[in-house]
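So this block is my_file_3.cif, mmCIF, C-alpha atoms:
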data_target
#
loop_
_atom_site.label_atom_id
_atom_site.label_comp_id
_atom_site.auth_asym_id
_atom_site.auth_seq_id
_atom_site.Cartn_x
_atom_site.Cartn_y
_atom_site.Cartn_z
CA MET A 1 133.70 130.83 7.66
CA ASN A 2 136.96 130.86 9.60
CA LYS A 3 137.37 131.08 13.33
CA LYS A 4 138.10 134.82 13.29
CA HIS A 5 134.86 135.63 11.47
CA LEU A 6 132.86 133.53 13.97
CA LEU A 7 134.26 135.47 16.91
CA THR A 8 133.46 138.79 15.21
CA ALA A 9 129.83 137.77 14.57
CA ALA A 10 129.35 136.69 18.18
CA ALA A 11 130.73 139.97 19.46
CA VAL A 12 128.36 141.95 17.23
CA ALA A 13 125.36 139.92 18.40
CA ALA A 14 126.25 140.49 22.04
CA LEU A 15 126.59 144.21 21.46
CA VAL A 16 123.18 144.40 19.80
CA LEU A 17 121.56 142.50 22.71
CA LEU A 18 123.15 144.84 25.26
CA VAL A 19 121.82 147.91 23.41
CA LEU A 20 118.30 146.47 23.38
CA VAL A 21 118.38 145.79 27.12
CA LEU A 22 119.65 149.29 27.94
CA PHE A 23 117.00 150.83 25.69
CA ARG A 24 114.27 148.86 27.42
CA LEU A 25 115.41 149.83 30.92
CA GLY A 26 115.69 153.48 30.00
CA SER A 27 112.26 153.75 28.43
CA PRO A 28 109.42 155.38 30.44
CA GLU A 29 107.28 152.29 30.03
CA GLY A 30 109.66 150.00 31.90
CA ALA A 31 110.88 152.34 34.62
CA GLY A 32 109.59 151.43 38.12
CA GLN A 33 107.01 148.97 36.73
CA PRO A 34 106.56 145.38 37.95
CA PRO A 35 106.96 142.54 35.49
CA ALA A 36 104.14 142.12 33.04
CA SER A 37 103.28 138.72 34.55
CA GLN A 38 102.43 140.41 37.85
CA ARG A 39 100.70 143.46 36.36
CA GLY A 40 98.21 141.25 34.63
CA ALA A 41 97.89 138.50 37.32
CA ALA A 42 94.38 137.70 38.55
CA ALA A 43 93.44 137.94 42.23
CA VAL A 44 93.95 134.68 44.15
CA PRO A 45 90.85 133.30 45.89
CA VAL A 46 91.51 132.74 49.61
CA ALA A 47 89.40 132.14 52.71
CA VAL A 48 89.61 134.87 55.32
CA ALA A 49 88.42 135.37 58.90
CA PRO A 50 88.22 138.42 61.17
CA ILE A 51 90.68 139.15 63.95
CA THR A 52 88.69 139.15 67.20
CA ARG A 53 89.12 139.87 70.88
CA GLY A 54 87.82 137.53 73.52
CA ASP A 55 88.58 135.00 76.23
CA ILE A 56 90.79 131.94 75.84
CA THR A 57 91.65 129.05 78.13
CA GLU A 58 94.87 127.05 78.17
CA LYS A 59 94.47 123.33 78.71
CA ALA A 60 97.15 120.69 79.16
CA VAL A 61 96.30 117.29 77.68
CA PHE A 62 97.30 114.00 79.33
CA THR A 63 96.32 110.37 78.93
CA GLY A 64 95.71 107.77 81.60
CA SER A 65 93.27 105.23 82.99
CA LEU A 66 90.32 105.19 85.35
CA VAL A 67 90.51 103.28 88.62
CA ALA A 68 87.96 102.71 91.35
CA ALA A 69 88.25 105.08 94.27
CA HIS A 70 87.23 102.20 96.55
CA ARG A 71 88.01 98.56 95.74
CA VAL A 72 87.97 95.74 98.26
CA GLU A 73 88.60 92.02 98.08
CA VAL A 74 86.17 89.94 100.10
CA ALA A 75 87.95 86.99 101.75
CA THR A 76 86.97 84.15 104.04
CA ARG A 77 87.90 84.46 107.70
CA ILE A 78 87.75 80.73 108.40
CA ALA A 79 88.48 77.60 106.43
CA GLY A 80 85.59 75.69 104.90
CA ARG A 81 83.76 74.58 101.78
CA LEU A 82 81.99 77.27 99.75
CA GLU A 83 78.43 76.08 99.87
CA HIS A 84 76.76 78.86 97.87
CA LEU A 85 77.55 82.13 96.05
CA HIS A 86 74.60 84.52 95.97
CA VAL A 87 76.24 87.16 93.72
CA ASP A 88 78.34 87.12 90.57
CA ILE A 89 80.29 89.50 88.31
CA GLY A 90 78.38 92.70 87.58
CA ASP A 91 75.79 92.29 90.34
CA ALA A 92 74.94 95.25 92.54
CA VAL A 93 75.64 94.64 96.21
CA ALA A 94 73.74 96.78 98.72
CA PRO A 95 74.93 97.11 102.32
CA GLY A 96 74.14 93.97 104.29
CA THR A 97 73.61 91.76 101.22
CA LEU A 98 74.35 88.06 101.81
CA MET A 99 77.05 87.26 99.24
CA ALA A 100 78.33 83.78 100.15
CA VAL A 101 77.72 80.90 102.56
CA LEU A 102 80.28 78.37 103.83
CA ASP A 103 79.46 74.89 105.09
CA ASP A 104 78.73 75.43 108.80
CA ASP A 105 78.17 71.88 110.12
CA GLU A 106 81.48 71.63 111.97
CA VAL A 107 81.35 75.20 113.27
CA ALA A 108 77.78 74.76 114.49
CA GLN A 109 78.81 71.56 116.29
CA ASN A 110 81.68 73.39 117.97
CA LEU A 111 79.23 76.04 119.14
CA GLU A 112 76.95 73.42 120.68
CA GLN A 113 79.90 71.83 122.45
CA ALA A 114 81.03 75.21 123.82
CA ARG A 115 77.53 75.92 125.09
CA ALA A 116 77.39 72.50 126.80
CA GLU A 117 80.74 73.08 128.48
CA LEU A 118 79.47 76.46 129.68
CA ALA A 119 76.46 74.74 131.23
CA VAL A 120 78.76 72.29 133.03
CA ALA A 121 80.87 75.16 134.33
CA ARG A 122 77.79 76.93 135.66
CA ALA A 123 76.67 73.74 137.44
CA SER A 124 80.14 73.37 138.91
CA LEU A 125 79.90 76.93 140.20
CA GLU A 126 76.59 76.22 141.87
CA GLU A 127 78.09 73.13 143.50
CA SER A 128 81.11 75.08 144.70
CA GLN A 129 78.90 77.85 146.09
CA ALA A 130 76.85 75.26 148.02
CA ALA A 131 80.01 73.72 149.45
CA LEU A 132 81.23 77.19 150.40
CA ALA A 133 78.00 77.89 152.26
CA ALA A 134 78.35 74.58 154.16
CA ALA A 135 81.94 75.42 155.05
CA ARG A 136 80.85 78.76 156.46
CA ARG A 137 78.20 77.10 158.62
CA ALA A 138 80.71 74.52 159.85
CA LEU A 139 83.17 77.20 160.77
CA THR A 140 80.49 79.09 162.69
CA ARG A 141 79.56 75.97 164.72
CA THR A 142 83.19 75.17 165.40
CA GLN A 143 83.81 78.69 166.63
CA GLU A 144 80.83 78.38 169.02
CA LEU A 145 82.04 75.03 170.30
CA ARG A 146 85.51 76.41 170.74
CA THR A 147 84.05 79.24 172.83
CA GLN A 148 82.40 76.59 174.99
CA ARG A 149 85.72 74.69 175.04
CA ILE A 150 84.06 71.72 173.42
CA ALA A 151 85.99 71.89 170.10
CA SER A 152 89.73 71.92 170.00
CA GLN A 153 91.95 74.53 168.38
CA SER A 154 92.90 72.10 165.61
CA GLU A 155 89.25 71.54 164.72
CA LEU A 156 88.75 75.29 164.45
CA GLU A 157 91.77 75.63 162.16
CA ALA A 158 90.54 72.75 160.00
CA ALA A 159 87.15 74.44 159.60
CA GLN A 160 88.84 77.68 158.57
CA THR A 161 91.04 75.83 156.03
CA GLU A 162 88.00 74.12 154.55
CA LEU A 163 86.26 77.47 154.17
CA GLU A 164 89.24 78.92 152.33
CA ALA A 165 89.42 75.85 150.04
CA GLN A 166 85.75 76.21 149.12
CA GLN A 167 86.24 79.89 148.40
CA ALA A 168 89.07 78.97 146.02
CA ARG A 169 86.86 76.38 144.31
CA VAL A 170 84.14 79.01 143.77
CA ALA A 171 86.69 81.43 142.25
CA LEU A 172 87.94 78.64 139.97
CA ALA A 173 84.40 77.78 138.89
CA ARG A 174 83.72 81.42 138.05
CA SER A 175 86.93 81.59 135.98
CA GLN A 176 85.87 78.46 134.14
CA ILE A 177 82.52 80.07 133.36
CA ASP A 178 84.31 83.12 131.94
CA GLN A 179 86.47 80.79 129.86
CA ARG A 180 83.49 78.83 128.56
CA GLN A 181 81.61 82.02 127.79
CA ALA A 182 84.57 83.21 125.73
CA ALA A 183 84.61 79.88 123.91
CA VAL A 184 80.90 80.26 123.14
CA ARG A 185 81.42 83.78 121.81
CA ASN A 186 84.32 82.56 119.68
CA ALA A 187 82.20 79.75 118.27
CA GLU A 188 79.35 82.18 117.56
CA ILE A 189 81.75 84.49 115.72
CA ARG A 190 83.13 81.60 113.68
CA LEU A 191 79.60 80.56 112.84
CA SER A 192 78.79 84.11 111.71
CA HIS A 193 81.86 84.00 109.45
CA THR A 194 80.25 81.21 107.48
CA ARG A 195 77.78 83.78 106.15
CA ILE A 196 79.58 86.60 104.31
CA HIS A 197 77.71 89.89 104.03
CA ALA A 198 78.54 93.18 102.33
CA ASP A 199 79.75 95.71 104.86
CA ALA A 200 77.69 98.84 105.41
CA LYS A 201 78.87 102.03 103.69
CA THR A 202 77.94 105.69 103.83
CA GLN A 203 77.50 106.31 100.08
CA ASP A 204 74.12 105.91 98.44
CA THR A 205 75.43 103.94 95.47
CA PRO A 206 75.89 100.17 95.87
CA TRP A 207 79.06 98.19 95.36
CA ARG A 208 79.37 96.07 92.23
CA VAL A 209 81.06 92.70 91.88
CA ALA A 210 84.12 93.27 89.70
CA GLU A 211 85.71 89.82 89.90
CA ARG A 212 85.00 86.29 91.16
CA PHE A 213 88.02 84.30 92.30
CA VAL A 214 86.48 80.93 93.30
CA ASP A 215 83.60 78.70 92.33
CA GLN A 216 80.84 77.15 94.36
CA GLY A 217 81.95 73.96 96.11
CA SER A 218 85.60 74.97 96.46
CA LEU A 219 87.49 74.08 99.63
CA LEU A 220 88.89 77.33 100.99
CA GLN A 221 91.52 78.22 103.54
CA ALA A 222 91.20 81.17 105.87
CA ASN A 223 91.81 84.55 104.21
CA THR A 224 91.14 83.21 100.69
CA PRO A 225 89.74 85.99 98.42
CA ILE A 226 86.43 85.04 96.87
CA LEU A 227 85.11 88.31 95.35
CA ALA A 228 86.34 91.79 94.43
CA LEU A 229 83.92 94.70 94.93
CA VAL A 230 84.24 98.19 93.44
CA ASP A 231 82.46 101.46 94.04
CA LEU A 232 81.72 103.20 90.71
CA ALA A 233 80.98 106.64 92.14
CA PRO A 234 83.35 108.30 92.42
CA LEU A 235 86.22 107.09 90.22
CA ARG A 236 89.80 108.32 89.91
CA ALA A 237 91.70 109.06 86.72
CA ARG A 238 95.44 108.48 87.03
CA VAL A 239 97.66 110.32 84.57
CA PHE A 240 101.41 110.88 84.42
CA VAL A 241 102.94 114.31 83.77
CA THR A 242 106.43 115.54 82.99
CA GLU A 243 108.47 118.13 84.86
CA ARG A 244 107.51 120.79 82.31
CA ASP A 245 103.78 120.37 83.00
CA TYR A 246 103.99 119.67 86.75
CA ALA A 247 104.49 123.32 87.73
CA ARG A 248 101.25 124.30 85.97
CA LEU A 249 99.08 121.87 87.93
CA ALA A 250 97.45 122.26 91.34
CA PRO A 251 94.66 120.54 93.31
CA GLY A 252 91.21 121.88 92.46
CA GLN A 253 91.83 122.64 88.77
CA PRO A 254 88.86 121.66 86.55
CA VAL A 255 89.31 118.75 84.17
CA THR A 256 87.44 117.62 81.06
CA LEU A 257 87.62 113.90 80.26
CA THR A 258 86.93 112.01 77.04
CA THR A 259 87.00 108.29 76.36
CA MET A 260 86.74 106.06 73.31
CA ALA A 261 83.75 104.32 74.90
CA TYR A 262 81.61 107.46 74.40
CA PRO A 263 82.85 109.33 71.30
CA GLY A 264 81.92 113.01 71.24
CA GLU A 265 80.95 113.13 74.93
CA THR A 266 82.83 114.81 77.76
CA PHE A 267 82.90 114.14 81.50
CA THR A 268 83.95 116.49 84.28
CA GLY A 269 86.44 116.11 87.10
CA ARG A 270 88.99 118.02 89.15
CA VAL A 271 92.62 117.56 90.10
CA GLU A 272 92.67 115.91 93.51
CA ARG A 273 96.27 114.91 94.29
CA LEU A 274 99.78 115.36 92.90
CA SER A 275 102.49 112.88 93.81
CA PRO A 276 105.49 114.59 95.45
CA GLU A 277 108.15 112.55 93.61
CA PHE A 278 109.15 111.75 90.04
CA ARG A 279 110.07 108.32 88.75
CA GLN A 280 113.73 108.26 87.80
CA ALA A 281 113.20 105.97 84.82
CA SER A 282 110.53 108.07 83.08
CA ARG A 283 110.97 111.48 84.76
CA GLN A 284 107.22 111.57 85.28
CA THR A 285 104.97 111.81 88.32
CA GLN A 286 101.42 110.68 89.00
CA VAL A 287 98.39 112.97 89.20
CA GLU A 288 95.02 111.76 90.50
CA ILE A 289 91.81 113.29 89.17
CA HIS A 290 88.51 113.00 91.03
CA VAL A 291 85.70 111.90 88.68
CA PRO A 292 82.19 112.04 90.24
CA ASN A 293 80.69 109.56 87.71
CA GLU A 294 77.25 110.07 89.19
CA ASP A 295 75.53 108.30 86.28
CA GLN A 296 78.01 105.39 86.61
CA ARG A 297 78.62 105.21 82.86
CA LEU A 298 82.38 105.22 83.24
CA ARG A 299 84.14 102.07 84.37
CA PRO A 300 87.48 101.35 86.06
CA GLY A 301 90.17 100.47 83.56
CA MET A 302 88.88 102.71 80.75
CA PHE A 303 91.47 104.73 78.84
CA VAL A 304 90.82 108.48 79.10
CA GLU A 305 92.18 111.73 77.76
CA ALA A 306 92.26 114.47 80.39
CA ARG A 307 92.28 118.18 79.56
CA ILE A 308 93.28 120.17 82.61
CA THR A 309 92.55 123.91 82.63
CA THR A 310 95.82 125.60 83.63
CA ARG A 311 95.29 129.25 82.63
CA ALA A 312 92.47 131.57 81.45
CA LEU A 313 92.85 135.02 79.82
CA SER A 314 90.24 137.66 79.01
CA ASP A 315 90.01 140.29 76.25
CA VAL A 316 93.01 139.19 74.17
CA THR A 317 93.63 139.24 70.40
CA LEU A 318 92.56 135.98 68.77
CA VAL A 319 92.87 134.53 65.27
CA PRO A 320 91.98 131.10 63.86
CA VAL A 321 94.73 128.51 64.18
CA ASP A 322 94.56 128.00 60.40
CA ALA A 323 95.87 131.56 59.92
CA LEU A 324 99.36 130.68 61.20
CA VAL A 325 102.03 129.87 58.59
CA GLU A 326 105.80 129.49 58.46
CA ARG A 327 107.82 131.70 56.10
CA GLN A 328 111.62 131.55 56.11
CA GLY A 329 111.70 130.15 59.63
CA GLN A 330 109.30 132.77 61.01
CA SER A 331 105.83 132.12 62.40
CA GLY A 332 103.33 134.63 61.12
CA LEU A 333 100.12 135.24 59.22
CA PHE A 334 98.87 136.98 56.09
CA LEU A 335 96.95 140.15 56.92
CA VAL A 336 94.39 141.30 54.35
CA GLU A 337 95.10 144.94 53.41
CA ASP A 338 92.10 146.67 51.85
CA THR A 339 93.84 150.02 51.13
CA HIS A 340 95.40 149.04 47.79
CA GLU A 341 93.80 150.55 44.65
CA ALA A 342 93.81 147.21 42.83
CA GLY A 343 91.88 145.53 45.66
CA PRO A 344 92.77 143.49 48.77
CA THR A 345 96.37 142.35 49.01
CA ALA A 346 98.31 140.02 51.29
CA ARG A 347 100.84 141.28 53.80
CA PHE A 348 102.94 138.79 55.78
CA ILE A 349 103.20 139.76 59.47
CA PRO A 350 105.53 137.87 61.89
CA VAL A 351 103.73 137.33 65.21
CA ASP A 352 104.37 136.14 68.77
CA THR A 353 101.72 133.69 69.92
CA GLY A 354 100.43 132.71 73.35
CA ILE A 355 97.72 130.24 74.35
CA GLU A 356 96.62 127.95 71.53
CA THR A 357 93.48 125.82 71.44
CA ARG A 358 92.08 123.54 68.76
CA ASP A 359 90.61 126.40 66.74
CA ARG A 360 92.03 129.67 68.07
CA VAL A 361 95.39 131.13 69.04
CA GLN A 362 96.31 134.21 71.08
CA ILE A 363 98.42 136.88 69.34
CA ILE A 364 100.69 138.59 71.87
CA SER A 365 102.35 140.99 69.43
CA PRO A 366 102.04 143.01 67.30
CA ALA A 367 98.64 144.64 67.78
CA LEU A 368 96.41 143.54 64.89
CA GLU A 369 92.94 144.21 63.55
CA GLY A 370 91.10 143.43 60.35
CA ARG A 371 91.09 140.09 58.53
CA VAL A 372 93.59 137.26 58.05
CA VAL A 373 93.94 134.52 55.44
CA THR A 374 92.94 131.11 56.77
CA LEU A 375 92.99 128.98 53.60
CA GLY A 376 95.06 129.33 50.45
CA HIS A 377 98.42 130.35 51.97
CA HIS A 378 100.34 128.19 49.50
CA LEU A 379 99.03 130.32 46.62
CA ILE A 380 100.15 133.72 47.89
CA SER A 381 103.15 135.74 48.99
CA ASP A 382 103.70 139.23 50.33
CA GLY A 383 101.84 141.68 48.05
CA THR A 384 99.66 139.12 46.24
CA ARG A 385 96.24 140.38 45.16
CA LEU A 386 93.45 138.55 46.96
CA ARG A 387 89.88 137.62 46.24
CA PRO A 388 88.36 136.72 49.64
CA VAL A 389 85.70 134.00 49.63
CA ALA A 390 83.43 132.70 52.34
CA ARG A 391 84.91 130.20 54.80
CA ASP A 392 82.31 127.63 53.75
CA GLU A 393 83.36 127.81 50.09
CA PRO A 394 86.75 126.03 50.18
CA ASP A 395 86.22 124.59 46.72
CA GLN A 396 86.82 128.02 45.21
CA VAL A 397 90.14 128.28 47.05
CA ARG A 398 91.19 124.82 45.93
CA ALA A 399 90.13 125.66 42.38
CA GLY A 400 92.43 128.68 42.55
CA SER A 401 95.39 126.36 43.15
CA ASP A 402 94.64 124.65 39.83
CA ALA A 403 94.81 127.90 37.88
CA PRO A 404 97.80 128.25 35.51
#
As a first step, turn the structure in this file into structure tokens.
Amino acid sequence: MNKKHLLTAAAVAALVLLVLVLFRLGSPEGAGQPPASQRGAAAVPVAVAPITRGDITEKAVFTGSLVAAHRVEVATRIAGRLEHLHVDIGDAVAPGTLMAVLDDDEVAQNLEQARAELAVARASLEESQAALAAARRALTRTQELRTQRIASQSELEAAQTELEAQQARVALARSQIDQRQAAVRNAEIRLSHTRIHADAKTQDTPWRVAERFVDQGSLLQANTPILALVDLAPLRARVFVTERDYARLAPGQPVTLTTMAYPGETFTGRVERLSPEFRQASRQTQVEIHVPNEDQRLRPGMFVEARITTRALSDVTLVPVDALVERQGQSGLFLVEDTHEAGPTARFIPVDTGIETRDRVQIISPALEGRVVTLGHHLISDGTRLRPVARDEPDQVRAGSDAP
């Protein structure tokens, strides 16, 4: 067959195909009807949930660490050898508890010496007072003799000078007593510093030893830390927030805390302080959360996740978070329409959302009611017939995805 005959045959075949297509489109059977694949398609099993109205709370989530609200380092006030430690890491320390003792031999000796010098000063005062009394009597006799013109004027002046000298000696002796008394008090204080007690506190809970810096027998200088004490009730959680979240926070907001140490458990707190400045490097600022920790199960240094309640709304439209999907760059959901003759069908509705929690999300617009698809979105599109199944029967939905 030549090339001309081949072209003629192809043209005839194309003409026949065009006639068949036009005949099909013009027939009553094909007019306005969906493709046969859709007319005979089975309903897709999907999980659905009702649209509800209720209350929802917005919570901002931050991470941080716990620190002790009160932490002190116990240090020596004088130099000496650590003779004994009565407490160690983890021990409870009640107010007034004897925690450590320093060697006090030298300090006790200094106290005895100060007391002896005080006794000498008191004896010196008594001697000076006796001499002063004698000088007064001598002056009185000299004055009488001078009246009788027996004593000379120079003798009278000498008696007066002696009286004044004895008065000065008494004043000096009294000053020495004050000095020796101060030395005794100083020695007593230094001796008391060899026994280190826990300071009294107003809270009912005891301190606990968090750290030990030295060992028994160590030679210590003054102001050497020996122990660190912490108060476990209350604690503080320190978290860092960005500029975006800072405006939503305020002192007094309730906080829910979780930690890896106690999986599944929550602890309560409240926002206590917000730092007034941001760090230039991170553009974050510090927030302190008051944690009562009355059962003392939490410990300083633990990593925590803090959920701070920032907003609460009442009587709003709510749907499960699983109902939200993305279609062509739009966030929306599939509404179950029960008005179709062939049964429930899917209708994609773009929505504006508000507060979102782990399981629910607020729908701001449009106004919705009825049911939404929560599982099986990948199997459906707008207008797909649906076969709703119970939420606790996900196997049926997954089985639907395996259907040809």
Practice task
Name every residue that the PyMOL selection byres ((chain A and resi 48) around 10) selects in this structure, writing the answer as a PyMOL selection string with chains first and numbers rising.
Solution key: chain A and resi 45-47+49-51+320+322-323+334-336+371-376+386-391
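Taking all atoms listed in the file, the non-local environment of range 346-356 of chain A within 8 Å (same-chain residues fewer than 2 positions away omitted) comprises Ile56, Thr57, Glu58, Val321, Gln330, Ser331, Gly332, Leu333, Phe334, Leu335, Val336, Glu337, Pro344, Arg358, Asp359, Arg360, Val361, Gln362, Ile363, Ile364, Ser365, Pro366, Ile380, Ser381, Asp382, Gly383, Thr384, Arg385 and Leu386 of chain A.
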Problem - Residue IDs satisfying the PyMOL selection byres ((chain A and resi 166) around 8), as a list in words - result: Ser128, Gln129, Ala131, Leu132, Ala135, Glu162, Leu163, Glu164, Ala165, Gln167, Ala168, Arg169 and Val170 of chain A
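Between CA of Thr63 in chain A and CA of Gln280 in chain A the separation is 19.7 Å.
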For range 291-297 of chain A: contacts at 6 Å, all atoms listed in the file, fewer than 3 positions along chain excluded, given as a PDB file with C-alpha atoms, keeping the file's coordinate frame:
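Writing done, so here's selection28.pdb:
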ATOM      1  CA  LEU A 232      81.720 103.200  90.710  1.00  0.00           C
ATOM      2  CA  ALA A 233      80.980 106.640  92.140  1.00  0.00           C
ATOM      3  CA  PRO A 234      83.350 108.300  92.420  1.00  0.00           C
ATOM      4  CA  LEU A 235      86.220 107.090  90.220  1.00  0.00           C
ATOM      5  CA  ARG A 236      89.800 108.320  89.910  1.00  0.00           C
ATOM      6  CA  GLY A 269      86.440 116.110  87.100  1.00  0.00           C
TER       7      GLY A 269
END
Handout entry: the PyMOL selection byres ((chain A and resi 88-104) around 10) applied to the shown file, residues as number ranges by chain
Key = A: 74, 76, 78-87, 105-110, 190-212, 216-220, 226-231
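Distances from A:Val241, A:Leu145, A:His378, A:Ala173 to Val325 in chain A were compared using all atoms listed in the file, and the smallest one belongs to A:His378.
By chain and then residue number, the residues within 12 Å of Ala182 in chain A are A:Leu111, A:Ala114, A:Arg115, A:Glu117, A:Leu118, A:Ser175, A:Gln176, A:Ile177, A:Asp178, A:Gln179, A:Arg185, A:Asn186, A:Ala187, A:Glu188, A:Ile189, counting all atoms listed in the file and disregarding those fewer than 3 positions away in sequence.
The spacing separating CA of Val304 in chain A from CA of Ala69 in chain A amounts to 15.8 Å.
Using only C-alpha atoms, the nearest neighbour of Val316 in chain A within the list A:Leu125, A:Ala133, A:Ala247, A:Ala367 is A:Ala367.
Between CA of Phe240 in chain A and CA of Met260 in chain A there is a distance of 19.0 Å.
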Practice task
Skip Val255 in chain A itself and residues of its chain fewer than 6 positions away, then list as an MDAnalysis selection string all residues within 6 Å of it, counting all atoms listed in the file.
Solution key: chainID A and resid 268:270 307:308
Box centre and edge lengths (Å, one decimal), axis-aligned, range 251-270 of chain A plus 3 Å each side, as JSON:
{"center_x": 87.8, "center_y": 113.5, "center_z": 82.3, "size_x": 19.7, "size_y": 24.3, "size_z": 28.1}
Handout entry: From A:Asp315, A:Ala116, A:Glu305, A:Thr52, residue lying nearest Glu265 in chain A [only C-alpha atoms]
Key = A:Glu305
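Candidate residues A:Thr339, A:Thr310, A:Asn223, A:Gln253 were compared for distance to Glu288 in chain A, and the nearest is A:Gln253, using all atoms listed in the file.
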Problem - Shell around range 275-278 of chain A at 10 Å using only C-alpha atoms, local window under 2 positions removed, as a VMD selection string - result: chain A and resid 240 to 243 246 273 280 to 288
